[in-house]
Amino acid sequence: MSIEKQLNIELRSRILEYSLFIESSINDLLLLNLGLFSDKRKTKLFSNKGKISFQNKVDLLNDIGILSNKENSDFELLMIIRNKFMHDIECDSFQTLLNQLDNGIVNRFKIFLEDGQQTSNEEACTSACYRLFQKNLKVIKDKTNANKAAINKKHEFFQIQNEQKLFYIDFINDLINEVSKATENSELENPKVAILGIELLQILERTIHKLNIQSEIEKKNHEDFFNSEDNIKSIFGIKREPQNWPKWEDFKLPEINKPKI
């Protein structure tokens, strides 16, 4: 028997592939929720040389309310399987693996077996592990999409607020202009009324000038604020979605690596 077959390299490679996909995508999910959209290679904790473990990242997502306890448990289960296959040379099959794990972990794994299947069936266990991987990846995808939707809603909300403010400024400005035109075109025969009309016209002109200045300030402030990632992040805790954010079609496993179900 070849060493490759003896060690069941095919199975170990499949488990490793699942783990790499999950670890990479869970890292991106955490970056997204922390608002760290800069090059992750420059971060101290989330680069390839980062000091924070996968379990730490999952626990952090759980602590900040992104992952539920059940979702956290499913990620942990896949990592337990991964660690056994990667670091234990004697762990060459699911039968060996499950015999080494305590009953609580085995029972968590059994949930992913299809109805009527048993842990004594190696192919059934292989398929169960793939379903565990799929579930974990779907959780990350759903959480990522929900986060992006929330960010977009926040941006839309503040955009609407700003547009309403500018609308009222323009509305008042138009109203004053209409009153000013009406005052200019009025025939005021009474000298006292004429003097009052002139004074009102001067007041309106000063008010229009102030409104125009304020309107320009508001527009500039809006542009400066929303064009600054640091401003949005510091006040609202959000940042725009990066253009190069991973596409979910990139996370599909090649057909050749899917276990037969």
# chains A, B, ... in the order shown; residues from 1 in each chain; ligands from 1
>>> residues_around(residues="A:Ala146", least_positions_apart="6", cutoff="12 Å", atoms="only C-alpha atoms", output="PyMOL selection string")
chain A and resi 29+32-33+66+139-140+152-153
>>> write_last_selection(atoms="N, CA, C and O atoms", output="PDB file, in the first residue's frame")
ATOM      1  N   LEU A  29     -15.014  38.373   6.679  1.00  0.00           N
ATOM      2  CA  LEU A  29     -16.235  38.758   7.382  1.00  0.00           C
ATOM      3  C   LEU A  29     -15.902  39.601   8.613  1.00  0.00           C
ATOM      4  O   LEU A  29     -16.572  40.604   8.893  1.00  0.00           O
ATOM      5  N   LEU A  32     -14.799  43.066   7.551  1.00  0.00           N
ATOM      6  CA  LEU A  32     -15.949  43.841   7.120  1.00  0.00           C
ATOM      7  C   LEU A  32     -16.672  44.429   8.317  1.00  0.00           C
ATOM      8  O   LEU A  32     -17.046  45.610   8.330  1.00  0.00           O
ATOM      9  N   ASN A  33     -16.884  43.625   9.356  1.00  0.00           N
ATOM     10  CA  ASN A  33     -17.625  44.090  10.525  1.00  0.00           C
ATOM     11  C   ASN A  33     -16.814  45.033  11.407  1.00  0.00           C
ATOM     12  O   ASN A  33     -17.380  45.791  12.184  1.00  0.00           O
ATOM     13  N   ILE A  66     -22.271  38.912  15.805  1.00  0.00           N
ATOM     14  CA  ILE A  66     -22.406  38.572  14.384  1.00  0.00           C
ATOM     15  C   ILE A  66     -22.759  37.096  14.223  1.00  0.00           C
ATOM     16  O   ILE A  66     -23.615  36.738  13.410  1.00  0.00           O
ATOM     17  N   VAL A 139     -23.424  30.565   6.041  1.00  0.00           N
ATOM     18  CA  VAL A 139     -23.545  31.502   7.157  1.00  0.00           C
ATOM     19  C   VAL A 139     -22.706  32.742   6.899  1.00  0.00           C
ATOM     20  O   VAL A 139     -23.168  33.877   7.072  1.00  0.00           O
ATOM     21  N   ILE A 140     -21.474  32.545   6.452  1.00  0.00           N
ATOM     22  CA  ILE A 140     -20.593  33.681   6.168  1.00  0.00           C
ATOM     23  C   ILE A 140     -21.169  34.537   5.042  1.00  0.00           C
ATOM     24  O   ILE A 140     -21.173  35.770   5.118  1.00  0.00           O
ATOM     25  N   ASN A 152     -25.324  50.033   3.446  1.00  0.00           N
ATOM     26  CA  ASN A 152     -25.997  50.799   2.393  1.00  0.00           C
ATOM     27  C   ASN A 152     -27.186  51.580   2.947  1.00  0.00           C
ATOM     28  O   ASN A 152     -27.437  52.722   2.548  1.00  0.00           O
ATOM     29  N   LYS A 153     -27.925  50.961   3.883  1.00  0.00           N
ATOM     30  CA  LYS A 153     -29.080  51.645   4.476  1.00  0.00           C
ATOM     31  C   LYS A 153     -28.638  52.858   5.283  1.00  0.00           C
ATOM     32  O   LYS A 153     -29.287  53.900   5.267  1.00  0.00           O
TER      33      LYS A 153
END
>>> closest_residue(among="A:Asp174, A:Leu78, A:Lys44, A:Leu200", to="A:Tyr130", atoms="only C-alpha atoms")
A:Leu78
>>> residues_around(residues="stretch 81-96 of chain A", least_positions_apart="5", cutoff="12 Å", atoms="only C-alpha atoms", output="ChimeraX atom specification")
/A:3-20,22-23,54-55,74-76,101,105-106,108-110,118-130,132-133
>>> atom_distance(atom1="atom CA of A:Lys135", atom2="atom CA of A:Asn72")
11.7 Å
